[in-house]
>>> print(open('protein.pdb').read())   # PDB, C-alpha atoms
ATOM      1  CA  MET V  16      51.501 104.177  40.594
ATOM      2  CA  HIS V  17      48.276 105.003  42.388
ATOM      3  CA  ASP V  18      48.444 107.499  45.229
ATOM      4  CA  ARG V  19      45.479 106.428  47.317
ATOM      5  CA  ARG V  20      45.425 109.603  49.417
ATOM      6  CA  HIS V  21      44.625 111.932  46.533
ATOM      7  CA  SER V  22      42.860 109.665  44.053
ATOM      8  CA  GLY V  23      39.616 108.858  45.788
ATOM      9  CA  LEU V  24      40.857 105.302  46.345
ATOM     10  CA  PRO V  25      40.563 103.796  49.825
ATOM     11  CA  ASP V  26      43.701 104.330  51.868
ATOM     12  CA  LEU V  27      45.730 101.606  53.559
ATOM     13  CA  GLU V  28      44.071 102.283  56.916
ATOM     14  CA  SER V  29      40.596 101.858  55.399
ATOM     15  CA  LEU V  30      41.562  98.663  53.560
ATOM     16  CA  MET V  31      43.182  97.196  56.672
ATOM     17  CA  GLY V  32      40.095  98.154  58.692
ATOM     18  CA  GLN V  33      37.878  96.255  56.260
ATOM     19  CA  PHE V  34      40.219  93.260  56.432
ATOM     20  CA  HIS V  35      40.256  93.268  60.245
ATOM     21  CA  ALA V  36      36.448  93.550  60.346
ATOM     22  CA  TYR V  37      36.194  90.501  58.083
ATOM     23  CA  LEU V  38      38.647  88.526  60.227
ATOM     24  CA  SER V  39      36.630  89.378  63.361
ATOM     25  CA  LYS V  40      33.393  88.348  61.666
ATOM     26  CA  LYS V  41      34.974  84.989  60.745
ATOM     27  CA  GLN V  42      36.377  84.708  64.296
ATOM     28  CA  LEU V  43      39.939  84.680  62.990
ATOM     29  CA  LYS V  44      42.919  86.400  64.580
ATOM     30  CA  SER V  45      44.657  89.397  63.137
ATOM     31  CA  THR V  46      48.330  88.400  63.234
ATOM     32  CA  ARG V  47      51.454  90.426  62.513
ATOM     33  CA  GLN V  48      52.250  88.173  59.552
ATOM     34  CA  ARG V  49      48.748  88.513  58.047
ATOM     35  CA  ASP V  50      48.862  92.276  58.521
ATOM     36  CA  LEU V  51      52.281  92.561  56.887
ATOM     37  CA  ILE V  52      51.183  90.441  53.907
ATOM     38  CA  ALA V  53      47.971  92.481  53.494
ATOM     39  CA  GLN V  54      49.899  95.767  53.711
ATOM     40  CA  LYS V  55      52.418  94.607  51.087
ATOM     41  CA  PHE V  56      49.550  93.458  48.863
ATOM     42  CA  PHE V  57      47.674  96.770  49.114
ATOM     43  CA  ALA V  58      50.898  98.700  48.420
ATOM     44  CA  ALA V  59      51.642  96.657  45.279
ATOM     45  CA  HIS V  60      50.665  98.208  41.960
ATOM     46  CA  GLY V  61      48.838  96.139  39.371
ATOM     47  CA  HIS V  62      48.948  92.355  39.385
ATOM     48  CA  ILE V  63      51.020  90.326  41.816
ATOM     49  CA  SER V  64      51.635  86.602  42.158
ATOM     50  CA  ILE V  65      51.801  84.680  45.413
ATOM     51  CA  GLU V  66      55.549  84.263  44.873
ATOM     52  CA  GLU V  67      56.068  88.009  44.351
ATOM     53  CA  LEU V  68      54.052  88.813  47.461
ATOM     54  CA  LEU V  69      55.996  86.179  49.397
ATOM     55  CA  ASN V  70      59.291  87.827  48.367
ATOM     56  CA  LEU V  71      58.033  91.301  49.330
ATOM     57  CA  SER V  72      56.819  90.011  52.688
ATOM     58  CA  ARG V  73      59.984  88.020  53.406
ATOM     59  CA  ALA V  74      62.091  91.116  52.798
ATOM     60  CA  GLU V  75      60.595  92.418  56.049
ATOM     61  CA  ASN V  76      59.973  89.108  57.830
ATOM     62  CA  PRO V  77      61.995  86.127  56.505
ATOM     63  CA  ARG V  78      59.906  83.674  58.582
ATOM     64  CA  ILE V  79      56.747  84.170  56.512
ATOM     65  CA  GLY V  80      55.867  81.023  54.588
ATOM     66  CA  TYR V  81      54.171  80.376  51.250
ATOM     67  CA  ALA V  82      51.103  78.846  52.921
ATOM     68  CA  THR V  83      50.572  81.961  55.060
ATOM     69  CA  VAL V  84      50.700  84.207  51.984
ATOM     70  CA  TYR V  85      48.349  81.873  50.104
ATOM     71  CA  ARG V  86      45.831  81.753  52.966
ATOM     72  CA  THR V  87      45.987  85.529  53.494
ATOM     73  CA  LEU V  88      45.319  86.192  49.800
ATOM     74  CA  LYS V  89      42.428  83.725  49.945
ATOM     75  CA  LEU V  90      40.960  85.669  52.894
ATOM     76  CA  LEU V  91      41.447  88.978  51.076
ATOM     77  CA  ALA V  92      39.622  87.539  48.055
ATOM     78  CA  GLU V  93      36.806  86.128  50.219
ATOM     79  CA  CYS V  94      36.154  89.532  51.774
ATOM     80  CA  GLY V  95      36.222  91.296  48.403
ATOM     81  CA  LEU V  96      39.515  93.157  48.820
ATOM     82  CA  ALA V  97      41.479  91.072  46.299
ATOM     83  CA  ALA V  98      40.523  89.855  42.848
ATOM     84  CA  GLN V  99      42.029  86.666  41.495
ATOM     85  CA  ARG V 100      43.020  86.632  37.807
ATOM     86  CA  ARG V 101      44.268  83.773  35.664
ATOM     87  CA  PHE V 102      45.883  84.770  32.422
ATOM     88  CA  GLY V 103      47.101  82.689  29.482
ATOM     89  CA  ASP V 104      50.196  81.314  31.178
ATOM     90  CA  GLY V 105      48.011  79.708  33.853
ATOM     91  CA  GLN V 106      49.641  81.607  36.716
ATOM     92  CA  THR V 107      47.220  83.052  39.223
ATOM     93  CA  MET V 108      47.698  86.757  39.824
ATOM     94  CA  TYR V 109      45.927  89.025  42.290
ATOM     95  CA  GLU V 110      45.023  92.696  42.263
ATOM     96  CA  THR V 111      43.312  94.972  44.743
ATOM     97  CA  ALA V 112      39.579  94.730  44.071
ATOM     98  CA  GLY V 113      36.855  97.304  44.252
ATOM     99  CA  ASP V 114      39.119 100.324  44.521
ATOM    100  CA  THR V 115      40.160 100.672  40.908
ATOM    101  CA  GLU V 116      38.188 101.762  37.913
ATOM    102  CA  HIS V 117      37.226  99.043  35.484
ATOM    103  CA  HIS V 118      40.030  98.051  33.146
ATOM    104  CA  ASP V 119      40.788  95.392  30.574
ATOM    105  CA  HIS V 120      43.972  93.439  29.930
ATOM    106  CA  LEU V 121      46.403  93.104  27.030
ATOM    107  CA  ILE V 122      48.720  90.125  27.558
ATOM    108  CA  CYS V 123      51.930  89.254  25.688
ATOM    109  CA  ILE V 124      52.030  85.496  25.112
ATOM    110  CA  GLU V 125      55.832  85.623  24.837
ATOM    111  CA  CYS V 126      56.984  87.632  27.876
ATOM    112  CA  GLN V 127      53.716  87.251  29.875
ATOM    113  CA  HIS V 128      53.454  91.008  30.508
ATOM    114  CA  VAL V 129      49.941  92.098  31.492
ATOM    115  CA  LEU V 130      49.075  95.627  30.431
ATOM    116  CA  GLU V 131      45.967  97.266  31.894
ATOM    117  CA  PHE V 132      44.027  99.623  29.645
ATOM    118  CA  GLN V 133      40.719 101.479  29.435
ATOM    119  CA  ASN V 134      38.875 102.268  26.221
ATOM    120  CA  ASP V 135      35.439 103.884  26.296
ATOM    121  CA  ASP V 136      34.663 102.836  22.710
ATOM    122  CA  ILE V 137      35.185  99.158  23.601
ATOM    123  CA  GLU V 138      33.064  99.530  26.735
ATOM    124  CA  HIS V 139      30.196 101.115  24.769
ATOM    125  CA  GLU V 140      30.418  98.456  22.047
ATOM    126  CA  GLN V 141      30.233  95.647  24.611
ATOM    127  CA  GLU V 142      27.116  97.238  26.102
ATOM    128  CA  ARG V 143      25.592  97.608  22.611
ATOM    129  CA  VAL V 144      26.311  93.977  21.709
ATOM    130  CA  ALA V 145      24.822  92.736  24.992
ATOM    131  CA  ARG V 146      21.671  94.811  24.455
ATOM    132  CA  SER V 147      21.342  93.557  20.857
ATOM    133  CA  PHE V 148      20.983  90.037  22.287
ATOM    134  CA  GLY V 149      18.619  91.149  25.045
ATOM    135  CA  PHE V 150      21.263  91.025  27.787
ATOM    136  CA  SER V 151      21.860  93.504  30.556
ATOM    137  CA  LEU V 152      25.544  93.326  31.502
ATOM    138  CA  VAL V 153      26.345  92.784  35.155
ATOM    139  CA  ARG V 154      30.101  92.464  34.737
ATOM    140  CA  HIS V 155      32.628  91.415  32.139
ATOM    141  CA  ARG V 156      36.285  90.663  31.641
ATOM    142  CA  LEU V 157      38.228  91.356  28.477
ATOM    143  CA  GLU V 158      41.635  89.795  27.926
ATOM    144  CA  LEU V 159      43.440  90.342  24.632
ATOM    145  CA  TYR V 160      46.413  88.080  23.865
ATOM    146  CA  GLY V 161      49.163  89.024  21.456
ATOM    147  CA  LEU V 162      52.838  89.834  21.069
ATOM    148  CA  CYS V 163      54.581  92.944  22.368
ATOM    149  CA  PRO V 164      56.823  94.841  19.892
ATOM    150  CA  ARG V 165      59.978  92.984  20.981
ATOM    151  CA  ALA V 166      58.258  89.593  20.748
ATOM    152  CA  ARG V 167      57.042  90.513  17.248
ATOM    153  CA  GLY V 168      60.672  91.028  16.207
ATOM    154  CA  ILE V 169      60.311  94.720  15.479
ATOM    155  CA  LYS V 170      63.764  96.289  15.183
ATOM    156  CA  GLY V 171      64.265  98.456  18.266
ATOM    157  CA  GLY V 172      60.973  97.151  19.646
ATOM    158  CA  TRP V 173      60.466  97.417  23.383
ATOM    159  CA  CYS V 174      59.231  94.856  25.844
ATOM    160  CA  PRO V 175      56.955  96.248  28.573
ATOM    161  CA  ASN V 176      58.084  93.463  30.904
ATOM    162  CA  GLU V 177      61.742  94.569  30.589
ATOM    163  CA  GLU V 178      60.754  98.210  31.123
ATOM    164  CA  GLN V 179      58.887  97.267  34.299
ATOM    165  CA  ARG V 180      61.889  95.274  35.607
ATOM    166  CA  LYS V 181      64.202  98.265  34.993
ATOM    167  CA  LEU V 182      61.860 100.533  36.960
ATOM    168  CA  SER V 183      61.735  98.135  39.927
ATOM    169  CA  ASP V 184      65.540  97.682  40.096
TER
END
>>> encode(input="protein.pdb", output="structure tokens")
Amino acid sequence: MHDRRHSGLPDLESLMGQFHAYLSKKQLKSTRQRDLIAQKFFAAHGHISIEELLNLSRAENPRIGYATVYRTLKLLAECGLAAQRRFGDGQTMYETAGDTEHHDHLICIECQHVLEFQNDDIEHEQERVARSFGFSLVRHRLELYGLCPRARGIKGGWCPNEEQRKLSD
């Protein structure tokens, strides 16, 4: 899990300040519900769905509705603080944008686990391929789809999705 205070990543106060500045610019109110949803989102590690964020938010305020979470995530995406991702299962996931180093995704088509990884060799090769066609890369997204060890039927194979659930219980 990222510790924003010691990692060079923006802290919660900074992220909330950026969010509030955007709301003011759009002449929108900063509400307790929006703030709670944004705080839960920024505290989440990795990718989170609207439903997961709704559950986290409702744990503190049961009156928060799906539409409020949806609209808050849309605002966070509009102001560049959230990045929307759609993986193979079609579910939209969100992650904090702009405060993490570039990473790619490895996705199990069986259990839907999304694993983030970084590989300098892949990054260099993508740059080389782009240059060989006369392109200058501005951005890219790499998603690799496959089967985790458990889904492949490997005896004693582990499922990263099950491991993650055990850690959150």
>>> resolve_selection(input="protein.pdb", expression="the PyMOL selection byres ((chain V and resi 87) around 12)", output="ChimeraX atom specification")
/V:34-35,37-38,43-56,65,68-69,72,79-86,88-94,96-97,109
>>> closest_atom_pairs(input="protein.pdb", of="range 96-139 of chain V", to="range 156-165 of chain V", cutoff="9 Å", atoms="only C-alpha atoms", output="tab-separated table")
residue	atom	partner	partner_atom	distance
V:Phe102	CA	V:Glu158	CA	8.0
V:Gly103	CA	V:Tyr160	CA	7.8
V:His118	CA	V:Leu157	CA	8.4
V:Asp119	CA	V:Leu157	CA	5.2
V:His120	CA	V:Glu158	CA	4.8
V:Leu121	CA	V:Leu159	CA	4.7
V:Ile122	CA	V:Tyr160	CA	4.8
V:Cys123	CA	V:Leu162	CA	4.7
V:Ile124	CA	V:Gly161	CA	5.8
V:Glu125	CA	V:Leu162	CA	6.4
V:Cys126	CA	V:Cys163	CA	8.0
V:His128	CA	V:Cys163	CA	8.4
>>> closest_residue(input="protein.pdb", among="V:Asn134, V:Gln127, V:Thr107, V:Asn76", to="Glu177 in chain V", atoms="all atoms listed in the file")
V:Gln127
>>> atom_distance(input="protein.pdb", atom1="CA of Gln133 in chain V", atom2="CA of Glu66 in chain V")
27.5 Å
>>> resolve_selection(input="protein.pdb", expression="the PyMOL selection byres ((chain V and resi 58) around 12)", output="PyMOL selection string")
chain V and resi 16-19+25-28+30-31+51-57+59-63+68+71-72+110-111
>>> atom_distance(input="protein.pdb", atom1="CA of Ala98 in chain V", atom2="CA of Ala112 in chain V")
5.1 Å
>>> atom_distance(input="protein.pdb", atom1="CA of Arg154 in chain V", atom2="CA of Glu142 in chain V")
10.3 Å
